[in-house]
Amino acid sequence: MPSVKFDGASSAPDAAPAVLLNRVRFTYRGVDSRALDAITLAQRAGEAVAIVGPSAAGKSTLAKCLNRIIPDFENGSLEGTVEIGGRKLWDWRVCDVAPLVGMVFQDFESQLFASNAASEVAFAMEQRGLERAEMEPRVRAALQAVGLAGFEGRDPATLSGGEKQRLAIAAVMVLRPRVIVLDEPTTDLDPQGRAELFALIDDLRAQGLTLVIIEHDLEALRGCDRIILLRAGEIVADAAPVDLMTQVGLLERCGVRPADLDRLCERLGISPHARNLAQAEAAIRDKFGAPAADHRSCPTGLQVSGAITSSSAKAPGAKGAAGDPTDAAPQGSDGAAGPPLVEVRELSYAYQRGRPALESVSLAIREREFVAIVGPNGSGKSTLAKHIAGLARCAKGEVTLLGRDRAGYAPAESARVVGFVFQNPDHQIFAATVEDEVAFGPRNFGLPKDEVARRVESVLRAVGLEALRGKDPFLLGKGERQRLAVAAALALKPRLLLLDEPTTGLDYLEQRRMMDLLAGLNRDGAAIAIITHTPWLVAAYARRVVMMREGRKIFDGAVREFFARQQLLADSSFRLPEVTALGLRLGLVALSVDELAELIEGRG
Amino acid sequence: MPIYLYLDRATALHRLHPGVKILALFTIFWSIYWLDQPLALAPIGAILLLAAQYSGSWSNFYRLRWLLLLIMFFTAAVWVIFYRQGSPLLMLGPFPISRASLEFGFGRAFKLAELIAATILFLSTTRVEEFAYGLTWMGMPHRIGFAVTLAFRLAPLFIDSALDVVAAQKLRGHDFSRGGPIARMRGYAPVMVPVFMGALRKANNMAMALEARGFGHTNRPTSLVEYRFRPADWLGVLALSALGAGSFLAYLLGYGAINVGE
C-alpha cells in the first residue's frame with residue numbers, strides 16, 4: 001500500500017488535548033451497573049491510543065461517547081464532560097461532530113451505503129454542503145491515502161472485507177476530523193484484510209492522525225503510543241505498550257490475551273521483554289546458547305534449519321488443546337478412526353454466472369477429528385461447509401455421509417451425522433427461553449417429550465448455560481448466544497459438528513471458553529470442523545488443517561506441518577502465531593508458548 | 001455477486017437527469033394504470049423492451065426471470081379462470097373461458113410484468129444517490145427522500161439474511177409447510193423473529209453510521225455528481241408527457257378497455 005500523506009489530515013497539535021474525558025459515567029437504561037465509571041483521560045493530538053479489555057468492559061461505550069452516539073442513540077444517563085480539541089460536546093448532534101471525530105464501525109456492511117466508492121467517500125462532504133470543486137480532489141486524496149486509488153467507480157459490495165474497511169476509513173477521514181475512532185475494525189476480516197488494515201493504521205499514525213483503536217489483538221498494537229486497559233467500565237491501566245504488554249498476569253486476569261512474545265519472555269525469565277521476533281531470537285540464543293548449525297527433522301518430517309535442541313515437540317499446552325497429530329497421514333489425526341463420516345469427492349460449484357466457488361475439492365472427515373478449515377474470504381470455505389451441511393446441492397462431484405449420497409438423507413437423519421452452526425447465532429435464535437431454543441430441533445424431529453427434556457438438560461450442562469435455561473436468549477451476551485447455537489446443534493446429537501467462524505466477535509475468554517467446549521466435545525468422541533481466521537486457535541486446538549484458496553484445496557494435513565509451510569502461509573496472507581514464527585526462526589515447530597518454552601529449556 | 005441492480009453503463013438512459021428518470025417511472029405506472037387490453041399495453045411493453053436493449057439491462061431481467069414468469073403465469077391463470085364477463089368460448093372444467101376473460105387475464109399479467117420491468121429498468125439505470133437526489137429535486141424533504149432510497153439499499157441485505165435464517169431453521173428440522181393455516185403462520189416465527197431482530201439491529205447500526213458521517217447536518221446537501229438538465233431531458237419530458245396523455249386519452253376513448261359485449 002502506498003504511503004500517501006492525506007492532505008490536511010494531520011492537524012497541527014493544539015494546546016488543548018485532542019480528546020479529554022473528565023469523570024465520564026454512563027449507565028444504560030434498565031441496567032444497574034455502570035458501563036463507564038468515572039473515566040478520565042487525555043489524549044494528545046497525533047497520539048495513537050489503543051483500548052483493550054474483555055467484553056462489557058466499556059470499550060465501545062467509551063468510543064460512542066466521543067462522537068455523541070451516546071447519548072443520542074443509546075438510552076441511559078451520562079455524566080461528566082467530553083471535549084474534542086478543547087470543545088465541549090454538550091449539546092452537539094452526532095451529525096455535527098463528524099468534522100471533529102470520525103468513527104469506523106466493526107460491521108462494514110452497515111456503514112457502506114453508496115453505489116460506488118467515490119460517492120461513499122463524498123457522502124460526508126455532501127452532508128456538510130461542500131462545493132463539488134472542493135470535493136473531487138479530497139475524494140481522490142482520501143482514496144489514495146487508504147490505498148484505493150483507482151477504485152472510484154467500484155461498487156463497495158464487490159470489495160473484499162479489508163478494502164471495505166479501508167473505504168470506510170477514507171469515508172470518515174475525508175472530513176479531516178481531529179480524531180478517528182476505530183471500533184474493532186478487524187473483527188470480521190480475514191488475515192489478508194487484517195494485514196491491509198493494520199498497514200493502513202500504521203500509515204495513518206505516521207501521518208500524525210489522532211487515533212483511538214479498539215482491538216483485541218495486542219500483538220498488532222505494539223506501535224501505538226499508549227494502551228488503555230478497561231475492565232467493568234474502569235481504567236485498570238494506562239501505559240505505553242512496552243509497559244502494559246509485559247504485565248502478562250494482569251492482562252490474563254482482565255481477560256485480555258497477552259502477546260505470545262511477552263508470555264514466552266515471562267516464562268523464560270527474559271527481561272526486558274523482547275519487542276519483536278529478532279530481539280526474542282537474539283535473547284533466547286544469548287540465554288540458552290547458540291544452536292548447532294545442523295538441520296533437524298521437525299515432527300512433520302520437514303527440515304528446519306538452526307534448531308536449538310533436538311527434542312521432539314509435544315502437544316500444545318492449552319487446555320483441551322490438540323496432542324501430537326499422526327503427522328504421516330494428512331487425513332489422520334490422533335484419535336481419528338474408522339470410515340469417513342463425511343466424504344467430499346471432486347466437488348465443483350459456481351454461483352450464478354460467477355467464478356467457480358469450488359473446483360474439484362475432495363476431502364474426508366473421520367470420527368474424532370478436529371479440523372480447521374482456513375483460507376481468505378471468498379476462498380470457498382463456507383460453500384464447502386454448506387455442501388457438507390446439505391444447504392447447497394452438488395452441481396458436480398459428490399458428498400456422502402457415512403458412505404451414502406447426502407442427497408438421499410432425510411433432514412432428521414442427516415442431523416444425526418452433521419450439525420452446522422452458523423457464524424451469526426442471531427440467525428437462528430427466536431424462542432422465548434434458552435431451553436425452548438435448544439428443544440426446538442429435537443421437537444421438530446418428533447422426539448418424545450422426556451427425551452427432549454433429557455437432551456436439553458444434557459447439552460445445556462455441556463455448554464455451561466444450565467443456570468440460564470429460563471432466560472430470554474436475546475438478553476444473553478454474544479459468547480453465550482454462540483454457545484446456545486452450539487447447544488441447539490448438539491441437541492440433535494451429530495457425530496460431526498461443523499462451525500462457521502464460531503469465535504468471531506468474542507473476546508479472549510469467550511474464545512477460550514468456546515474452543516475448550518469444542519475440545520471437550522471432541523474428547524468425548526465428536527468430530528469437530530471449524531472455519532476460522534484466527535491462527536492461534538488453529539495452533540492451539542486443531543489437529544488437522546484444510547486450507548482453501550480460490551475454490552481449491554491447497555493444503556490438507558497436520559497442523560504442525562501446516563505451520564512449517566512458510567511460503568504457503570505467506571502466499572495466503574495467513575499470519576503465523578508469534579510463537580510459531582519465533583520457533584521457526586529457532587528451527588522448531590511449536591504450536592504454543594508452553595511447548596516452545598519446554599523445547600528451549602531442553603525439556604521437550 | 002453485486003447485491004444492487006444498478007449497471008454502470010454510459011447510455012443516454014443512464015445519463016438522463018434523475019428527476020426525469022423518476023418522472024419516467026411514474027409516467028409508465030400512470031400509463032399502465034389506464035389500460036387493460038393486452039394490445040393497448042403492447043406499445044408500452046415494446047418501449048420497455050427497447051429501453052432494456054438500449055440500456056444493456058438484460059442481465060437484470062435474466063436474474064429476475066423466474067419472478068417475472070411466475071407472476072405472469074399465475075396472474076394470467078387466475079384471472080382467465082375467475083373473470084366471468086363475456087360469452088364463453090370454451091369450458092375449462094367448471095370454468096367458462098371467454099375472449100374477455102382471456103384478454104383480461106393476459107392484460108393483468110402484462111400489466112404486472114410491465115410494472116416490474118419498468119422498476120427493473122429504473123434501478124438498472126439509476127444509482128441510489130441519483131434516486132435520492134431526484135426525490136429531493138422534486139421537492140421531497142431530504143430525510144424522507146433518503147429514507148425511501150435506504151429501503152432499496154437495505155432490501156438485498158435483508159434478503160441475504162433471511163435466506164440464512166431459513167437455512168438455519170431447516171437444518172433444525174423446521175418444516176414450513178406443516179399443519180393448517182394457523183400452524184403455518186406460527187411456523188414462520190422462527191424465521192420472522194431473527195430476520196426482524198437482525199433488521200432492527202442493522203437499521204440501527206446504519207443510522208449510527210449515517211449520522212456519524214454527518215447525515216442530517218443540512219436539509220440541502222450538495223452532490224459530488226453534477227446533474228444538469230440537458231436538452232435530452234426536455235425531450236424525455238415531452239415524450240413522457242405524450243405517453244401519459246396518450247394512454248389517458250386512449251382510456252377516455254375506450255381503446256384500452258376490455259370489450260365484454262361480444
# chains A, B, ... in the order shown; residues from 1 in each chain; ligands from 1
call {"tool": "residues_around", "arguments": {"residues": "segment 62-70 of chain A", "least_positions_apart": "4", "cutoff": "10 Å", "atoms": "only C-alpha atoms", "output": "PyMOL selection string"}}
result
(chain A and resi 19-21+24-26+28+35-36+39+51+57-58+74-78+81-84+89-103+179-183+212-214+230+233) or (chain B and resi 208-209+211-212)
call {"tool": "write_last_selection", "arguments": {"atoms": "C-alpha atoms", "output": "compact mmCIF listing (two decimals), in the first residue's frame"}}
result
# COMPACT_ATOMS: atom_id res chain seq x y z
CA VAL A 19 -9.55 14.12 23.42
CA LEU A 20 -10.34 14.91 27.00
CA LEU A 21 -12.75 12.91 29.13
CA VAL A 24 -17.39 10.33 32.38
CA ARG A 25 -20.01 7.94 33.70
CA PHE A 26 -22.63 6.15 31.67
CA TYR A 28 -27.54 2.03 30.16
CA ALA A 35 -20.88 0.79 31.69
CA LEU A 36 -18.36 3.58 32.28
CA ILE A 39 -13.38 7.69 33.16
CA ILE A 51 -8.27 0.47 24.16
CA ALA A 57 -15.56 -3.58 29.74
CA GLY A 58 -17.00 -0.38 28.25
CA GLU A 74 -28.39 4.90 23.48
CA ASN A 75 -30.77 5.49 26.33
CA GLY A 76 -29.15 5.94 29.69
CA SER A 77 -27.64 8.51 31.98
CA LEU A 78 -24.43 10.27 31.01
CA THR A 81 -17.63 16.04 30.14
CA VAL A 82 -16.21 15.09 26.78
CA GLU A 83 -14.04 17.60 24.96
CA ILE A 84 -12.61 17.26 21.47
CA LEU A 89 -19.74 18.49 23.16
CA TRP A 90 -22.67 19.21 25.47
CA ASP A 91 -25.45 19.97 23.00
CA TRP A 92 -23.89 18.80 19.78
CA ARG A 93 -25.75 16.45 17.50
CA VAL A 94 -23.95 13.35 16.20
CA CYS A 95 -24.03 14.76 12.66
CA ASP A 96 -22.37 17.99 13.82
CA VAL A 97 -19.49 16.15 15.48
CA ALA A 98 -18.44 14.43 12.21
CA PRO A 99 -15.75 17.02 11.32
CA LEU A 100 -14.22 16.57 14.77
CA VAL A 101 -14.49 12.81 15.27
CA GLY A 102 -14.68 10.21 12.54
CA MET A 103 -15.82 6.76 13.53
CA VAL A 179 -9.76 12.20 15.84
CA ILE A 180 -10.51 8.89 14.11
CA VAL A 181 -12.05 6.16 16.23
CA LEU A 182 -11.80 2.56 15.02
CA ASP A 183 -14.18 0.31 16.94
CA VAL A 212 -8.40 5.68 19.08
CA ILE A 213 -8.26 1.97 18.26
CA ILE A 214 -10.37 -0.65 19.99
CA LEU A 230 -10.54 -1.27 30.65
CA GLY A 233 -16.15 0.37 33.00
CA MET B 208 -25.49 5.47 13.65
CA ALA B 209 -23.02 5.22 10.77
CA GLU B 211 -25.22 10.32 11.43
CA ALA B 212 -21.59 9.76 12.39
call {"tool": "closest_atom_pairs", "arguments": {"of": "chain B", "to": "chain A", "cutoff": "6 Å", "atoms": "only C-alpha atoms", "output": "tab-separated table"}}
result
residue	atom	partner	partner_atom	distance
B:Val165	CA	A:His427	CA	4.9
B:Ala168	CA	A:Gln428	CA	5.9
B:Arg172	CA	A:Gly441	CA	4.6
B:Gly173	CA	A:Asn444	CA	5.3
B:His174	CA	A:Asn444	CA	5.9
B:Pro190	CA	A:Phe430	CA	5.5
B:Val193	CA	A:Phe430	CA	5.4
B:Pro194	CA	A:His427	CA	5.6
B:Met206	CA	A:Ser110	CA	4.9
B:Ala209	CA	A:Gln111	CA	5.3
B:Glu211	CA	A:Cys95	CA	4.8
B:Ala212	CA	A:Cys95	CA	5.6
B:Arg213	CA	A:Ala124	CA	5.1
B:Gly214	CA	A:Cys95	CA	3.9
B:Phe215	CA	A:Gln127	CA	5.6
B:His217	CA	A:Cys95	CA	5.5
B:Pro221	CA	A:Gln127	CA	4.9
B:Thr222	CA	A:Glu126	CA	4.7
B:Ser223	CA	A:Glu126	CA	5.6
B:Leu224	CA	A:Arg132	CA	5.4
call {"tool": "write_last_selection", "arguments": {"atoms": "N, CA, C and O atoms", "output": "compact mmCIF listing (two decimals), in the first residue's frame"}}
result
# COMPACT_ATOMS: atom_id res chain seq x y z
N VAL B 165 -31.35 -17.39 7.62
CA VAL B 165 -32.23 -17.79 8.71
C VAL B 165 -33.06 -19.02 8.31
O VAL B 165 -33.17 -19.99 9.07
N ALA B 168 -30.85 -21.99 8.40
CA ALA B 168 -30.53 -22.41 9.77
C ALA B 168 -31.69 -23.19 10.39
O ALA B 168 -31.49 -24.21 11.05
N ARG B 172 -32.52 -27.43 11.48
CA ARG B 172 -33.03 -27.88 12.79
C ARG B 172 -34.37 -28.59 12.61
O ARG B 172 -35.12 -28.75 13.58
N GLY B 173 -34.67 -28.94 11.39
CA GLY B 173 -35.84 -29.76 11.14
C GLY B 173 -37.14 -28.99 11.01
O GLY B 173 -38.22 -29.58 11.03
N HIS B 174 -37.05 -27.67 10.87
CA HIS B 174 -38.29 -26.90 10.78
C HIS B 174 -38.94 -27.09 9.42
O HIS B 174 -38.29 -26.96 8.39
N PRO B 190 -40.05 -18.76 13.68
CA PRO B 190 -38.60 -18.99 13.76
C PRO B 190 -37.81 -18.27 12.67
O PRO B 190 -36.60 -18.17 12.76
N VAL B 193 -38.77 -13.81 13.49
CA VAL B 193 -38.16 -13.19 14.68
C VAL B 193 -36.68 -12.87 14.43
O VAL B 193 -36.27 -11.71 14.60
N PRO B 194 -35.86 -13.85 14.00
CA PRO B 194 -34.45 -13.49 13.74
C PRO B 194 -34.29 -12.44 12.63
O PRO B 194 -33.46 -11.56 12.74
N MET B 206 -26.85 1.19 10.88
CA MET B 206 -26.72 2.06 9.71
C MET B 206 -27.07 3.51 10.06
O MET B 206 -26.41 4.44 9.61
N ALA B 209 -24.11 4.95 11.72
CA ALA B 209 -23.02 5.22 10.77
C ALA B 209 -23.35 6.44 9.91
O ALA B 209 -22.48 7.26 9.62
N GLU B 211 -25.33 9.06 10.67
CA GLU B 211 -25.22 10.32 11.43
C GLU B 211 -23.78 10.61 11.78
O GLU B 211 -23.36 11.78 11.83
N ALA B 212 -23.01 9.54 12.05
CA ALA B 212 -21.59 9.76 12.39
C ALA B 212 -20.83 10.34 11.21
O ALA B 212 -19.76 10.91 11.38
N ARG B 213 -21.41 10.20 10.00
CA ARG B 213 -20.76 10.80 8.83
C ARG B 213 -21.48 12.08 8.40
O ARG B 213 -21.30 12.55 7.28
N GLY B 214 -22.30 12.62 9.30
CA GLY B 214 -22.83 13.96 9.07
C GLY B 214 -24.22 14.02 8.48
O GLY B 214 -24.72 15.11 8.20
N PHE B 215 -24.87 12.87 8.27
CA PHE B 215 -26.22 12.90 7.71
C PHE B 215 -27.15 13.66 8.67
O PHE B 215 -27.18 13.39 9.86
N HIS B 217 -27.01 17.03 8.92
CA HIS B 217 -26.45 18.34 9.23
C HIS B 217 -27.17 19.43 8.44
O HIS B 217 -27.38 20.53 8.93
N PRO B 221 -28.22 19.01 1.02
CA PRO B 221 -26.85 18.55 0.76
C PRO B 221 -26.44 18.84 -0.68
O PRO B 221 -27.30 18.96 -1.56
N THR B 222 -25.15 18.94 -0.89
CA THR B 222 -24.64 19.10 -2.25
C THR B 222 -24.42 17.72 -2.85
O THR B 222 -24.70 16.71 -2.20
N SER B 223 -23.93 17.67 -4.07
CA SER B 223 -23.72 16.37 -4.72
C SER B 223 -22.38 16.35 -5.44
O SER B 223 -22.00 17.33 -6.09
N LEU B 224 -21.68 15.24 -5.28
CA LEU B 224 -20.39 15.08 -5.97
C LEU B 224 -20.61 15.06 -7.48
O LEU B 224 -19.82 15.59 -8.23
call {"tool": "atom_distance", "arguments": {"atom1": "atom CA of Glu578 of chain A", "atom2": "atom CA of Glu501 of chain A"}}
result
21.2 Å
call {"tool": "select_by_dssp", "arguments": {"residues": "segment 10-160 of chain B", "states": "alpha helix (DSSP H)", "output": "PyMOL selection string"}}
result
chain B and resi 12-15+18-34+38-55+58-63+65-82+99-125+128-137+142-160
call {"tool": "residues_around", "arguments": {"residues": "segment 11-23 of chain B", "least_positions_apart": "2", "cutoff": "7 Å", "atoms": "only C-alpha atoms", "output": "list in words"}}
result
Arg9, Leu25, Phe26, Thr27, Ser55, Phe122, Thr125, Thr126, Glu130, Phe131, Tyr133, Gly134, Trp137, Met138, Tyr227, Arg228, Phe229, Asp233 and Val237 of chain B
call {"tool": "residues_around", "arguments": {"residues": "segment 570-574 of chain A", "least_positions_apart": "4", "cutoff": "7 Å", "atoms": "only C-alpha atoms", "output": "compact mmCIF listing (two decimals) with N, CA, C and O atoms, in the first residue's frame"}}
result
# COMPACT_ATOMS: atom_id res chain seq x y z
N PRO A 191 -7.30 -12.81 7.41
CA PRO A 191 -5.93 -12.36 7.69
C PRO A 191 -5.42 -11.32 6.69
O PRO A 191 -4.75 -10.37 7.07
N GLN A 192 -5.77 -11.50 5.43
CA GLN A 192 -5.34 -10.53 4.41
C GLN A 192 -5.93 -9.15 4.73
O GLN A 192 -5.24 -8.13 4.72
N GLN A 566 6.04 -22.12 5.42
CA GLN A 566 6.04 -20.66 5.49
C GLN A 566 5.65 -20.00 4.17
O GLN A 566 4.95 -18.99 4.17
